[in-house]
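Chemist: Here it is, the structure, as structure tokens.
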Amino acid sequence: MIYLELFWAFAKIGVMTFGGGYAMLPIIQREIVEKKKWVTEAEVMDYYAIGQCTPGVIAVNTATFTGRHIAGDLGGICATAGVVFPSIVIITVIAALIRGFAHIQAVQDALAGIRVCVCILVFNAVLKMWKKAVIDKVTLALYLVILIASVFFDASPILMVVVAAATGLIVKGRAAS
Amino acid sequence: MIIYLKLFWEFFKAGLFAIGGGMATVPFLQEISRKTGWYTAGDLADMIAVSESTPGPIGVNMATYVGYTTVSRLFGPVAGILGGILSTVGLVMPSVIIILIVARFLEKFRENRYVNAAMYGLRAASVALISSAGISIVLIAVFQVNTIEEWRSATIDYRCFVLAAVILILTRWVPKVKDLHPICFIIASAVIGIIFHMSVPL
């Protein structure tokens with residue numbers, strides 16, 4: 001039963017991935033390319049590249065691609081359900097526990113420390129992305145305008161995304177080719 | 001009932017417009033919190049920590065966490081489970097639909113110059129939105145204020161600055177230590193928080 005096999009393979013990948021999409025790449029390579037031989041290395045790289053320029057979580061995009069490649073549209077949906085399944089179970093349990101313990105002084109102290117840590121983790125993520133995204137004057141200007149609009153004027157992120165895509169199309173859409 | 005539809009719809013929008021990986025969902029979660037009041041900026045920081053410390057894609061973890069906590073706060077834990085599932089399905093659905101369509105003409109899509117041109121702008125937008133979300137988390141975690149307009153009432157707690165500086169140095173410049181998984185720094189910060197009673201103002 002290929003659908004169950006896809007679900008199970010991607011559930012394993014979901015469990016083993018700590019820390020988001022990029023951490024998943026080596027695990028996908030081992031499970032899907034080397035063990036199962038469902039797709040080639042080059043195909044996985046393509047999925048990743050497209051996963052980055054389509055909306056949504058990269059891990060999910062890669063699962064959908066691989067599942068569809070093996071067993072059609074339903075395969076894509078089964079692989080996606082698989083990759084998401086462990087998170088739903090684990091997070092629901094943790095969320096339930098946190099709500100039970102949130103009033104304890106030590107838990108609040110721990111969360112206060114953790115929040116400071118999260119600031120630095122977000123800052124590091126921003127720096128990593130910055131190098132690939134802010135590459136010239138236009139992208140720097142876009143960055144500053146969107147940052148100011150959302151920090152000081154609560155601009156809608158959806159509007160900002162649309163404006164950025166339009167700017168990209170106007171600046172690069174004609175010049176290329 | 002209406003809360004389920006609202007959760008699904010809000011996460012569907014986040015899934016449709018958040019481009020470029022896990023943290024990209026954070027600005028949308030912030031917008032949801034601002035619009036609905038389902039959770040606070042402080043809750044959001046806790047969600048990021050939980051999501052970073054558990055397996056699975058961060059965006060999915062966040063959707064489950066928000067959906068569960070929001071609904072269980074109102075209608076109890078059993079209803080919360082359905083809330084978590086629906087938020088996650090909402091987040092994932094746009095990308096599944098788009099990928100199933102894109103996969104039909106893979107090569108053309110990747111080399112399309114309009115796609116590349118849009119991406120050029122979108123990458124900058126993504127970093128800017130995450131930066132903005134990061135600033136709000138700094139306000140709440142380090143300065144104990146909810147918005148930038150409240151900067152006059154910001155508190156200066158040296159424990160936060162010291163902890164932030166130490167983690168910054170450890171995660172960026174100390175060889176070997178900086179490659180450790182984020183969960184190590186999160187656990188260490190929790191311990192420091194408990195030792196120094198960080199939730200109690202000085």
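Ordering of the structure tokens sets the chain letters (A, B, ...), residue numbers begin anew at 1 in every chain, and ligands are numbered from 1 in the order given.
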Identify all residues of region 27-176 of chain B in alpha helix (DSSP H) (DSSP on the backbone) and supply them as a PyMOL selection string.

Modeler: chain B and resi 27-36+41-52+58-75+77-102+106-111+113-141+158-172

Chemist: Please list as a PyMOL selection string every residue within 8 Å of region 46-55 of chain B, counting only C-alpha atoms and excluding residues in the same chain fewer than 4 positions away.

Modeler: (chain A and resi 14-20+86-87+90-91+111+114-115+118) or (chain B and resi 42+61-62+65-66+182-183+186)

Chemist: For C-alpha atoms, I'd like the residues from the last selection saved as a PDB file, in the first residue's frame.

Modeler:
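Saved result, part_6.pdb, follows:
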```pdb
ATOM      1  CA  GLY A  14       8.690  14.729  10.655  1.00  0.00           C
ATOM      2  CA  VAL A  15       9.797  13.192  13.962  1.00  0.00           C
ATOM      3  CA  MET A  16      13.484  13.408  13.161  1.00  0.00           C
ATOM      4  CA  THR A  17      13.482  17.018  12.036  1.00  0.00           C
ATOM      5  CA  PHE A  18      14.351  19.507  14.705  1.00  0.00           C
ATOM      6  CA  GLY A  19      14.410  23.181  13.809  1.00  0.00           C
ATOM      7  CA  GLY A  20      12.661  23.635  10.528  1.00  0.00           C
ATOM      8  CA  PRO A  86       4.005  13.890  14.563  1.00  0.00           C
ATOM      9  CA  SER A  87       4.047  17.665  15.110  1.00  0.00           C
ATOM     10  CA  ILE A  90       3.696  16.285  20.120  1.00  0.00           C
ATOM     11  CA  ILE A  91       2.700  19.949  20.172  1.00  0.00           C
ATOM     12  CA  LEU A 111       9.752  31.358  30.220  1.00  0.00           C
ATOM     13  CA  ILE A 114      13.544  31.562  27.216  1.00  0.00           C
ATOM     14  CA  ARG A 115      11.964  34.681  25.694  1.00  0.00           C
ATOM     15  CA  VAL A 118      14.182  33.542  21.392  1.00  0.00           C
TER      16      VAL A 118
ATOM     17  CA  GLY B  42       4.501  37.160  25.086  1.00  0.00           C
ATOM     18  CA  ASN B  61       4.225  23.485  15.175  1.00  0.00           C
ATOM     19  CA  MET B  62       3.131  27.089  15.601  1.00  0.00           C
ATOM     20  CA  TYR B  65       0.114  25.303  19.250  1.00  0.00           C
ATOM     21  CA  VAL B  66      -1.935  28.418  18.499  1.00  0.00           C
ATOM     22  CA  PRO B 182      18.828  25.818  19.445  1.00  0.00           C
ATOM     23  CA  ILE B 183      17.190  23.587  22.058  1.00  0.00           C
ATOM     24  CA  ILE B 186      16.632  27.399  25.114  1.00  0.00           C
TER      25      ILE B 186
END
```

Chemist: Set the distance at 8 Å and use only C-alpha atoms: which residues neighbour Cys53 (chain A) once local chain neighbours fewer than 2 positions away are removed? I'd like the list as a ChimeraX atom specification.

Modeler: /A:49-51,55 /B:19-20,115,119

Chemist: Limited to C-alpha atoms, could you put the picked residues into a file as a short mmCIF file (atom, residue, chain, number, x, y, z; two decimals), in the first residue's frame?

Modeler:
```cif
data_model
loop_
_atom_site.label_atom_id
_atom_site.label_comp_id
_atom_site.auth_asym_id
_atom_site.auth_seq_id
_atom_site.Cartn_x
_atom_site.Cartn_y
_atom_site.Cartn_z
CA ALA A 49 14.43 25.43 -4.75
CA ILE A 50 10.75 25.57 -5.67
CA GLY A 51 9.72 25.11 -2.04
CA PRO A 55 4.24 29.84 -0.19
CA ILE B 19 7.18 32.63 1.88
CA GLY B 20 10.62 31.29 2.75
CA VAL B 115 8.87 33.99 -10.81
CA MET B 119 11.19 36.22 -5.59
#
```

Chemist: Nearest to Glu5 (chain A) among A:Ala71, A:Ala59, A:Leu147, A:Val161, with distances taken over only C-alpha atoms: which residue is it?

Modeler: A:Ala71

Chemist: Nearest to Lys36 (chain A) among A:Ala164, A:Ala9, A:Ala141, A:Met129, with distances taken over only C-alpha atoms: which residue is it?

Modeler: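 Of A:Ala164, A:Ala9, A:Ala141, A:Met129, the one nearest Lys36 (chain A) is A:Ala9, counting only C-alpha atoms.
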
Chemist: State, in Å with one decimal place, the distance from CA of Ser72 (chain B) to CA of Trp9 (chain B).

Modeler: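 About the pair CA of Ser72 (chain B) and CA of Trp9 (chain B): they are 18.1 Å apart.
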
Chemist: Go through B:Ile194, B:Cys160, B:Val92, B:Val26 and flag the residue nearest Ala110 (chain A), using only C-alpha atoms for the distances.

Modeler: B:Ile194

Chemist: Record the distance separating CA of Lys13 (chain B) and CA of Leu159 (chain A), expressed in Å with one decimal.

Modeler: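 Straight-line distance from CA of Lys13 (chain B) to CA of Leu159 (chain A) works out to 11.8 Å.
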
Chemist: Which value, in Å to one decimal, gives the distance between CA of Gly15 (chain B) and CA of Ile28 (chain A)?

Modeler: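 So the two atoms, CA of Gly15 (chain B) and CA of Ile28 (chain A), lie 22.2 Å apart.
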
Chemist: Which residue gives the smallest distance to Gln144 (chain B) among B:Ser199, B:Val191, B:Ala128, B:His181, with only C-alpha atoms counted?

Modeler: B:Ser199

Chemist: I'd like to know which of B:Cys184, B:Leu202, B:Pro175, B:Phe8 is closest to Met93 (chain B), using only C-alpha atoms.

Modeler: B:Phe8

Chemist: Residues within 10 Å of Val171 (chain A), please, as a list in words. Count only C-alpha atoms; anything in the same chain fewer than 3 positions from it doesn't count.

Modeler: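 These residues fall inside the cut-off: Val138, Ala166, Thr167, Gly168, Arg174, Ala175 and Ala176 of chain A; Ala117, Ala118, Tyr120 and Gly121 of chain B.
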
Chemist: Could you write out that same residue set with N, CA and C atoms as a compact mmCIF listing (two decimals), in the first residue's frame?

Modeler:
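Output file out.txt follows:
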```
# COMPACT_ATOMS: atom_id res chain seq x y z
N VAL A 138 17.86 48.29 -4.30
CA VAL A 138 16.41 48.11 -4.35
C VAL A 138 15.93 47.23 -3.19
N ALA A 166 5.32 42.84 -6.45
CA ALA A 166 5.11 43.79 -7.55
C ALA A 166 6.38 44.56 -7.83
N THR A 167 7.07 45.00 -6.77
CA THR A 167 8.34 45.72 -6.96
C THR A 167 9.34 44.85 -7.70
N GLY A 168 9.45 43.60 -7.29
CA GLY A 168 10.36 42.68 -7.95
C GLY A 168 10.04 42.55 -9.43
N ARG A 174 11.28 43.09 -16.54
CA ARG A 174 11.61 43.46 -17.91
C ARG A 174 13.09 43.30 -18.20
N ALA A 175 13.92 43.68 -17.21
CA ALA A 175 15.37 43.74 -17.44
C ALA A 175 15.96 42.39 -17.82
N ALA A 176 15.40 41.31 -17.27
CA ALA A 176 16.00 39.99 -17.48
C ALA A 176 15.86 39.51 -18.93
N ALA B 117 11.82 37.22 -10.68
CA ALA B 117 11.72 38.65 -10.38
C ALA B 117 10.87 38.87 -9.13
N ALA B 118 9.76 38.14 -9.02
CA ALA B 118 8.91 38.29 -7.83
C ALA B 118 9.66 37.84 -6.59
N TYR B 120 12.81 37.97 -6.01
CA TYR B 120 13.80 38.98 -5.66
C TYR B 120 13.21 39.98 -4.67
N GLY B 121 11.98 40.41 -4.92
CA GLY B 121 11.32 41.31 -3.97
C GLY B 121 10.83 40.58 -2.73
```

Chemist: Do a neighbour search on Thr62 (chain A) at 8 Å with only C-alpha atoms, toss out local chain neighbours closer than 5 positions, and write the hits as a PyMOL selection string.

Modeler: chain A and resi 44+47-48+51
